[in-house]
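**Q** I am attaching a structure below and will ask some questions about it afterwards.
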There are 2 protein chains.
Amino acid sequence: MANQTKPVLHGYFRSSCSWRVRIAFALKGVEYDQVPINLIRDGGQQLTQEYKTLNPMQQVPAVEIDGITLSQSLAVIQYINETRPGPRLLPADPKKRAQVRMISDLIASGIQPLQNLYVIQKVGAEKMQWSHHFIDRGFQALEPILKQTAGKYCVGDEISMADICLVPQVYNAERFKVDVGQYPTIKRLNQALLEIEAFKVSHPSCQPDTPDDLRA
Amino acid sequence: MANQTKPVLHGYFRSSCSWRVRIAFALKGVEYDQVPINLIRDGGQQLTQEYKTLNPMQQVPAVEIDGITLSQSLAVIQYINETRPGPRLLPADPKKRAQVRMISDLIASGIQPLQNLYVIQKVGAEKMQWSHHFIDRGFQALEPILKQTAGKYCVGDEISMADICLVPQVYNAERFKVDVGQYPTIKRLNQALLEIEAFKVSHPSCQPDTPDDLRA
C-alpha cells in the first residue's frame, strides 16, 4: 500500500490493552514506533488536550496507522490482521472465529474494563478487592469455555486474538493477587504463550518506558 | 448449510446486549426463537446452574446457532454477519470496518460493562450516579468520533454494527437520565435509526417477555 509509513503506538508499558497491540504487531512482524503515555506521571498524560484528540476516551492505546487514528485494541488488532501479511490472528473457520471473538470479548468487555485504572480510581479504597473480584469472576467463566475450545492455544492449535487477550489479563490477575493456579487451563495456556517470541518482546518488563526497577 | 435450524436467543427484553443481537437478526432477516431469561425474577434466572452451561458469565445473551453456543453480543453479530446472506453489517473497506469496530467496542467495552446490572448491584446506593457518570463520559468521547465518521449512520451511509450498538446504549442513557440532547450527533443518529424497521421490531417495548406496563 502506498500509505504504509510506520505505525505509531501511543501506549504504556504496563497497560494490558497496549500490550495486546504490541503482541499483534510482533506476531505479524510489523515494525512500529512507540510513544509512551505515562498514565501516572503529571497526573496522567492521557488526560492532556493533545492526547484527547488521538483518543477521546483518554485511555491507551491509540494507534496512528495508514493515515487514520484508531483506539480500542481489538479494532486495532483486527485492522492489522486484515491489512498486513503474516500469520492470521483469527481462524479461517467462522465458528472458530466466533469462539476467538467470544473469548476476546469476555476479557475485553467482561473483565478488563472493570479493573482499569480510571475505574479503580473511582472505586477508591476498595480497589484491590474490587479488581480481584471481577478478574476472579471472569476467570471462573473463562476456564470452562477454554476447556472446551483450547488445543495448544485458546482456540485449537493456532495462536489468535484470544491468546493476545489472555496473557495480558493473566498479568493483571497476578498484579491483583488472583490465584491463577485455580484455573488449570488458563495457567497452562499462559505458560505456553509466554514462551513465544512475540509475547516476550512485547512484555511490560522490556518496553522503552519500563522503569529500571521493573525491568526483567 | 445443512445444520441451519432456527437459532435460539436466550435474552431479556430490556438488556441492551440482547437488543443488539435482535437488531442483527432483524437486519439480516433471520428467523429465530426467543427464550426469556428474567434478570430480576427468582433472584435472577441467569444465575441458575442450567443457564450457566449456556453462558458461564451468567449474563444475557446466549445464542444457540449452527450447533454451537455463543455469548458476547459482538461475537454473535459478526458470526451472523459472516454466515448469513443479506445486507453486510460491517463495511467492505478495512478502514471503515476498523472504525465500526472502534465505535462498537467503545460502547461494548467502554460504556456498557460499567453500567450493567451485576456491576451496579455491586456499586449499591450510588448506582444511579455511577451509571450516569460512565455513560456521560463515554458519550463525551463518542460524540467527536461520530462527528468525524458519520454520514446518515454511524460510519458513512451504511447501517453497521456500530449502529446496532449505539441505539441500545442511548436507550440505557435515557433510563439513567443522561441528557442526550448534549450530544447532537448521537441524538440525530439515534433518531434516524429508530425509524428503521429492524430497530423497531427488536425494541424492548415489544418483545415476548415485555411486561404489559412497559409495552408500546
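In the C-alpha cells, each chain is lettered A, B, ... as it comes, each chain's residues begin at 1, and ligands are numbered from 1 in order of appearance.
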Report as a ChimeraX atom specification all protein, DNA and RNA residues lying within 7 Å of Gln58 of chain A, evaluated on only C-alpha atoms, omitting residues in the same chain fewer than 5 positions from it.
**A** /A:46-47,51-52
**Q** Next, write the just-selected residues to a file, as a JSON list (two decimals), in the first residue's frame, keeping C-alpha atoms as the atom set.
**A**
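Wrote out-v1.json, looks like this:
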[["chain", "number", "residue", "atom", "x", "y", "z"],
["A", 46, "GLN", "CA", -3.61, 10.56, 28.80],
["A", 47, "LEU", "CA", -5.64, 13.47, 30.17],
["A", 51, "TYR", "CA", -3.79, 13.23, 23.67],
["A", 52, "LYS", "CA", -7.57, 13.62, 23.76]]
**Q** Just need the residues of chain A within 10 Å of chain B, counting only C-alpha atoms, so spit them out as JSON, numbers by chain.
**A** {"A": [52, 53, 55, 56, 57, 58, 59, 65, 66, 67, 68, 69, 70, 71, 72, 73, 74, 75, 76, 77, 78, 79, 80, 82, 83, 94, 95, 96, 97, 98, 99, 100, 101, 102, 103, 104, 105, 106, 107, 108, 109, 110, 111, 112, 113, 114, 119, 122, 123, 130, 134, 137, 138, 139, 140, 141, 142, 143, 144, 145]}
**Q** As a list of chain:residue names, please: the residues near Leu214 of chain A (cut-off 12 Å, only C-alpha atoms, same-chain neighbours under 2 positions excluded).
**A**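 Neighbouring residues, sequence-local ones excluded: A:Phe13, A:Arg14, A:His203, A:Pro204, A:Ser205, A:Cys206, A:Gln207, A:Pro208, A:Asp209, A:Thr210, A:Pro211, A:Asp212, A:Ala216.
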**Q** Please write the residues from the selection above to a file, keeping all heavy atoms, as a CSV table (one decimal), in the first residue's frame.
**A**
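Listing of out-v3.csv after writing:
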chain,number,residue,atom,x,y,z
A,13,PHE,N,3.7,1.0,29.1
A,13,PHE,CA,4.3,-0.4,29.2
A,13,PHE,C,3.4,-1.4,29.9
A,13,PHE,O,3.4,-2.5,29.6
A,13,PHE,CB,5.7,-0.3,29.9
A,13,PHE,CG,5.7,0.0,31.4
A,13,PHE,CD1,5.9,-1.1,32.3
A,13,PHE,CD2,5.4,1.2,31.9
A,13,PHE,CE1,5.9,-0.9,33.6
A,13,PHE,CE2,5.3,1.4,33.3
A,13,PHE,CZ,5.6,0.4,34.2
A,14,ARG,N,2.8,-0.9,31.0
A,14,ARG,CA,2.0,-1.8,31.8
A,14,ARG,C,0.5,-1.9,31.5
A,14,ARG,O,-0.2,-2.7,32.1
A,14,ARG,CB,2.1,-1.3,33.3
A,14,ARG,CG,1.8,-2.4,34.3
A,14,ARG,CD,2.6,-2.3,35.5
A,14,ARG,NE,2.4,-1.1,36.3
A,14,ARG,CZ,2.8,-1.0,37.5
A,14,ARG,NH1,3.5,-1.9,38.1
A,14,ARG,NH2,2.6,0.1,38.2
A,203,HIS,N,6.5,-7.8,26.2
A,203,HIS,CA,6.2,-7.9,27.6
A,203,HIS,C,6.4,-6.5,28.3
A,203,HIS,O,7.4,-5.8,28.0
A,203,HIS,CB,7.1,-9.0,28.2
A,203,HIS,CG,6.6,-9.4,29.6
A,203,HIS,ND1,6.9,-8.7,30.7
A,203,HIS,CD2,5.9,-10.4,30.0
A,203,HIS,CE1,6.4,-9.3,31.8
A,203,HIS,NE2,5.8,-10.4,31.4
A,204,PRO,N,5.6,-6.2,29.3
A,204,PRO,CA,5.8,-4.9,30.0
A,204,PRO,C,7.1,-4.7,30.7
A,204,PRO,O,7.5,-3.6,30.9
A,204,PRO,CB,4.7,-5.0,31.1
A,204,PRO,CG,3.7,-5.9,30.6
A,204,PRO,CD,4.4,-6.9,29.7
A,205,SER,N,7.8,-5.8,30.9
A,205,SER,CA,9.1,-5.7,31.6
A,205,SER,C,10.3,-5.3,30.7
A,205,SER,O,11.4,-5.0,31.1
A,205,SER,CB,9.5,-7.1,32.2
A,205,SER,OG,9.7,-8.0,31.1
A,206,CYS,N,10.0,-5.1,29.3
A,206,CYS,CA,11.1,-4.7,28.5
A,206,CYS,C,10.7,-3.7,27.4
A,206,CYS,O,11.1,-3.8,26.2
A,206,CYS,CB,11.7,-5.9,27.8
A,206,CYS,SG,10.5,-6.9,26.9
A,207,GLN,N,9.9,-2.7,27.8
A,207,GLN,CA,9.5,-1.7,26.8
A,207,GLN,C,10.3,-0.4,27.0
A,207,GLN,O,11.0,-0.3,28.0
A,207,GLN,CB,8.0,-1.4,27.0
A,207,GLN,CG,7.1,-2.6,26.7
A,207,GLN,CD,7.5,-3.3,25.4
A,207,GLN,OE1,7.5,-2.6,24.3
A,207,GLN,NE2,7.8,-4.6,25.5
A,208,PRO,N,10.3,0.5,26.0
A,208,PRO,CA,11.1,1.7,26.1
A,208,PRO,C,10.8,2.5,27.4
A,208,PRO,O,11.7,3.1,28.0
A,208,PRO,CB,10.7,2.5,24.9
A,208,PRO,CG,10.2,1.5,23.9
A,208,PRO,CD,9.6,0.4,24.7
A,209,ASP,N,9.5,2.4,27.8
A,209,ASP,CA,9.2,3.2,29.0
A,209,ASP,C,9.1,2.4,30.3
A,209,ASP,O,8.6,2.9,31.3
A,209,ASP,CB,7.8,3.9,28.8
A,209,ASP,CG,6.7,3.0,28.4
A,209,ASP,OD1,7.0,1.9,27.8
A,209,ASP,OD2,5.5,3.3,28.7
A,210,THR,N,9.6,1.2,30.3
A,210,THR,CA,9.6,0.4,31.5
A,210,THR,C,10.6,1.0,32.5
A,210,THR,O,11.8,1.2,32.1
A,210,THR,CB,10.0,-1.0,31.2
A,210,THR,OG1,9.2,-1.6,30.2
A,210,THR,CG2,9.9,-1.9,32.5
A,211,PRO,N,10.2,1.3,33.7
A,211,PRO,CA,11.1,1.9,34.7
A,211,PRO,C,12.2,0.8,35.1
A,211,PRO,O,11.9,-0.4,35.0
A,211,PRO,CB,10.3,2.2,35.9
A,211,PRO,CG,8.9,2.1,35.5
A,211,PRO,CD,8.8,1.2,34.3
A,212,ASP,N,13.4,1.3,35.4
A,212,ASP,CA,14.5,0.4,35.7
A,212,ASP,C,14.2,-0.7,36.7
A,212,ASP,O,14.6,-1.8,36.5
A,212,ASP,CB,15.7,1.2,36.1
A,212,ASP,CG,16.4,2.0,35.0
A,212,ASP,OD1,16.1,1.6,33.8
A,212,ASP,OD2,17.1,2.9,35.2
A,216,ALA,N,13.1,-6.6,33.3
A,216,ALA,CA,13.4,-8.1,33.5
A,216,ALA,C,14.9,-8.2,33.4
A,216,ALA,O,15.6,-7.4,32.8
A,216,ALA,CB,12.8,-8.9,32.4
**Q** Using DSSP secondary structure from the backbone, list all helix (DSSP H, G or I) positions within segment 25-120 of chain A, as number ranges by chain.
**A** A: 25-28, 41-43, 45-47, 49-54, 73-83, 94-110, 112-114, 117-120
**Q** Give me the residues near Lys127 of chain B as a ChimeraX atom specification, where near means some atom within 10 Å (using only C-alpha atoms) and where sequence neighbours in that chain fewer than 5 positions away do not count.
**A** /B:115,117,119-122,132-133,176
**Q** What's the 10 Å shell around segment 187-201 of chain A, counting only C-alpha atoms, without same-chain residues fewer than 3 positions away, as a ChimeraX atom specification?
**A** /A:19-20,22-29,143,146,150-154,159,163-164,166-171,179-184,204-207
**Q** Would you save the residues of that selection, restricted to C-alpha atoms, as an mmCIF file, in the first residue's frame?
**A**
data_model
loop_
_atom_site.group_PDB
_atom_site.id
_atom_site.type_symbol
_atom_site.label_atom_id
_atom_site.label_comp_id
_atom_site.auth_asym_id
_atom_site.auth_seq_id
_atom_site.Cartn_x
_atom_site.Cartn_y
_atom_site.Cartn_z
ATOM 1 C CA TRP A 19 0.365 -4.972 25.350
ATOM 2 C CA ARG A 20 -2.329 -6.636 23.221
ATOM 3 C CA ARG A 22 2.279 -4.891 20.777
ATOM 4 C CA ILE A 23 1.727 -8.670 20.582
ATOM 5 C CA ALA A 24 -0.270 -8.311 17.355
ATOM 6 C CA PHE A 25 2.436 -6.172 15.725
ATOM 7 C CA ALA A 26 5.096 -8.663 16.836
ATOM 8 C CA LEU A 27 3.163 -11.716 15.562
ATOM 9 C CA LYS A 28 2.738 -10.014 12.183
ATOM 10 C CA GLY A 29 6.353 -8.827 12.143
ATOM 11 C CA GLU A 143 -11.936 -21.593 32.416
ATOM 12 C CA LEU A 146 -11.294 -22.623 27.310
ATOM 13 C CA ALA A 150 -8.422 -24.991 23.626
ATOM 14 C CA GLY A 151 -5.819 -27.105 21.949
ATOM 15 C CA LYS A 152 -2.260 -25.897 22.297
ATOM 16 C CA TYR A 153 -3.685 -22.347 22.445
ATOM 17 C CA CYS A 154 -7.037 -20.747 23.363
ATOM 18 C CA ILE A 159 -2.378 -18.510 18.024
ATOM 19 C CA ASP A 163 -4.371 -15.572 23.151
ATOM 20 C CA ILE A 164 -3.411 -11.940 22.631
ATOM 21 C CA LEU A 166 -5.439 -13.823 27.626
ATOM 22 C CA VAL A 167 -1.785 -13.252 28.503
ATOM 23 C CA PRO A 168 -2.058 -9.552 29.456
ATOM 24 C CA GLN A 169 -5.156 -10.349 31.525
ATOM 25 C CA VAL A 170 -3.288 -13.053 33.452
ATOM 26 C CA TYR A 171 -0.538 -10.491 34.059
ATOM 27 C CA ASP A 179 -4.626 -17.291 42.384
ATOM 28 C CA VAL A 180 -4.280 -18.350 38.754
ATOM 29 C CA GLY A 181 -3.433 -21.886 39.911
ATOM 30 C CA GLN A 182 -7.183 -22.385 40.478
ATOM 31 C CA TYR A 183 -7.627 -22.221 36.696
ATOM 32 C CA PRO A 184 -5.515 -25.016 35.203
ATOM 33 C CA PRO A 204 5.761 -4.919 30.016
ATOM 34 C CA SER A 205 9.144 -5.726 31.558
ATOM 35 C CA CYS A 206 11.118 -4.688 28.452
ATOM 36 C CA GLN A 207 9.470 -1.683 26.821
#
**Q** I'd like the interatomic distance between atom CA of Leu90 of chain A and atom CA of Ala162 of chain A, to a tenth of an Å.
**A**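 The value is 8.5 Å.
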